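Asker: Pasting in a structure now, in structure tokens, and then I'll have a few things to ask.
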Amino acid sequence: MHVFSVPSRPLASWSVLLLGLFVLAGCDAFTNQSSPQAPSFEVTNDLDRRITSLDDSSTTAVRTSAAKDFSVRSLARVSTPTVNGTPTTASYLSFNGNGGDRVFVGYKIRGEGFGGGIDVLNAANPRNLNAINSLQSNNLDVQEVVDDPDDGAEYVAGALATNPGDVSPAVVAKLSFSGNSGNNITVSHRRLSANVAKSVVNAPASDSEHDLYVVTDGNSLYRFDTNLQNQSRQTVSGVEFSSLTALPSQIALLTKTGGLWTAGVSPASDPAEASISLDGSDIDPLGIARMETSRHESSSAPFVFAALNEGGFRVLNESMDTVLFSRTGGHYTSVSATPESDYLYASRKDGTVEVYAFDASGGPSWSADPIATINTAEYGEVTGDTQANQVLAVGDYLYVANSRSGLLVLEVNGGGRGGGPPGR
């Protein structure tokens, strides 16, 4: 995360500075659209040479007696791109099953400096992973990426390199592609409040007015149409958002302290505090904390998953008024499930992915302990940094964003049903 700072100045210029800060604090999020600090992206087409087929027929997982049939096969590893001469980290994953079974990998430079990248993979046949394209930015930390297949565009939430006197670094960018090769990019963007746009998701079909939602690490929820117009900004005093996810009829938001908020989709309503909260769950505000929603093969209703880093993870019902399952120990970075199975996958900072079994009989429940644990460091060549920043379950396949070790692709149980629809 990059914090906007102002260098020291002579005393005579403080009045000018204070006036500038007053304007900055009170300006609309979309002021200064003509600023030279605009997101820049280029197509690098280096993805093919960064994909390594592991072709490993062996299985590696610590299994319990309850998971005799659970197996894991490694398929591929994708190394991270280098941006501005600095290696990046794989930090975010998303999937679009309605746009050609595409997996999106988000990369960013960790620590000082701005820059990041996006890999787009054809996941129709994960056993033979193919590159679609790869993009790099020399001035934008890529936080999250979602696809809009109807508009042929990608939306990127992140932080943009910003000079003193400009608006805040938080930004959402739209990448539109044209040409037979898809190498022509048009980038439009909106500057937002706070330091970084933390999370971006597609709006559900029930929202006829907006196409995507964004939250910043400040207190703002934004709603946009496909052209980043028709914007709506809603703020909540005294909170800092960390993540959001969209359900059919409401938006679920997570704060840095574990607070839960909801907002109506159609008609749109202001965020309201949920009846329960995860405050006091030892969540680290500087760590990864994110929300997802999905259902299991044996369930018709979606669940809300909240990964709370040092605070463990929680599974909530669709109404977000009941905690159905929790793990309070361990450092978790994401939780993922897919409608094609009854497994739940939870990634941890130590590079492992825990597997839990869902049971719909007598009410929703999950195995009290993992039925299997996957150590991602045991698959392919790794850099020594195997922090699992996110796990994404798609059908019978797992995609793991393994920080500096890149993307790891695994097949579980060998069902071979292909990419399948998204579990989001």
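Just remember, in the structure tokens the first chain shown is A, the second B, etc., residues are 1-based per chain, and ligands are 1-based in the order shown.
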I need the strand (DSSP E) residues of range 224-257 of chain A per DSSP on the backbone, written as a list in words.
Answerer: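 So the strand (DSSP E) residues in range 224-257 of chain A would be Phe224, Ser232, Arg233, Gln234, Thr235, Phe241, Ser242, Ser243, Leu244, Thr245, Ala246, Gln250, Ile251, Ala252, Leu253, Leu254 and Thr255 of chain A.
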Asker: For Thr82 in chain A, list every protein, DNA or RNA residue within 10 Å, evaluated using only C-alpha atoms, and leave out those in the same chain fewer than 2 positions away; present the list as a PyMOL selection string.
Answerer: chain A and resi 79-80+84-89+107-109+115-117+136
Asker: Residues of range 56-136 of chain A that approach range 151-164 of chain A to 12 Å or less, counting only C-alpha atoms: could you list each one with the shortest pair of atoms and its distance in Å to one decimal, rows by chain and increasing residue number, as a Markdown table?
Answerer:
```
| residue | atom | partner | partner_atom | distance |
| --- | --- | --- | --- | --- |
| A:Ser91 | CA | A:Gly158 | CA | 12.0 |
| A:Tyr92 | CA | A:Ala157 | CA | 11.0 |
| A:Leu93 | CA | A:Val156 | CA | 11.9 |
| A:Ser94 | CA | A:Glu154 | CA | 11.1 |
| A:Phe95 | CA | A:Glu154 | CA | 11.7 |
| A:Asn96 | CA | A:Glu154 | CA | 10.9 |
| A:Asn98 | CA | A:Gly152 | CA | 11.6 |
| A:Gly99 | CA | A:Gly152 | CA | 8.8 |
| A:Gly100 | CA | A:Gly152 | CA | 11.4 |
| A:Arg102 | CA | A:Glu154 | CA | 11.6 |
| A:Val103 | CA | A:Glu154 | CA | 11.9 |
| A:Phe104 | CA | A:Glu154 | CA | 9.5 |
| A:Val105 | CA | A:Val156 | CA | 11.3 |
| A:Gly106 | CA | A:Val156 | CA | 9.0 |
| A:Tyr107 | CA | A:Gly158 | CA | 10.7 |
| A:Lys108 | CA | A:Gly158 | CA | 9.3 |
| A:Ile109 | CA | A:Ala159 | CA | 11.1 |
| A:Glu112 | CA | A:Ala161 | CA | 10.8 |
| A:Gly113 | CA | A:Ala161 | CA | 8.1 |
| A:Phe114 | CA | A:Ala161 | CA | 6.0 |
| A:Gly115 | CA | A:Leu160 | CA | 8.4 |
| A:Gly116 | CA | A:Gly158 | CA | 9.5 |
| A:Gly117 | CA | A:Val156 | CA | 10.3 |
| A:Ile118 | CA | A:Val156 | CA | 9.3 |
| A:Asp119 | CA | A:Glu154 | CA | 11.5 |
| A:Val120 | CA | A:Glu154 | CA | 10.2 |
| A:Leu135 | CA | A:Glu154 | CA | 11.3 |
```
Asker: Using only C-alpha atoms, which protein or nucleic acid residues come within 8 Å of Pro302 in chain A? Drop anything in the same chain fewer than 3 positions from it, and give the result as a PyMOL selection string.
Answerer: chain A and resi 293-296+299+317-318
Asker: For a quick check of understanding, using only C-alpha atoms, which of A:Asn184, A:Ser243, A:Asn389, A:Ser269 has the smallest distance to Ala197 in chain A?
Answerer: A:Ser243
Asker: From the list A:Val239, A:Ala306, A:Ile276, A:Ile132, which residue is nearest Thr328 in chain A when using only C-alpha atoms?
Answerer: A:Ala306
Asker: Can you pull out every residue within 7 Å of Thr235 in chain A, counting only C-alpha atoms, but drop anything in the same chain fewer than 2 positions away, and send it as a list of chain:residue names?
Answerer: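 With the cut-off at 7 Å, the set is A:Asn219, A:Ser220, A:Leu221, A:Arg233, A:Ser237.
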Asker: Determine, counting only C-alpha atoms, which protein, DNA and RNA residues have an atom within 7 Å of an atom of Gly258 in chain A; residues of the same chain fewer than 5 positions away are not included. Present the result as a PyMOL selection string.
Answerer: chain A and resi 277-279+281+283
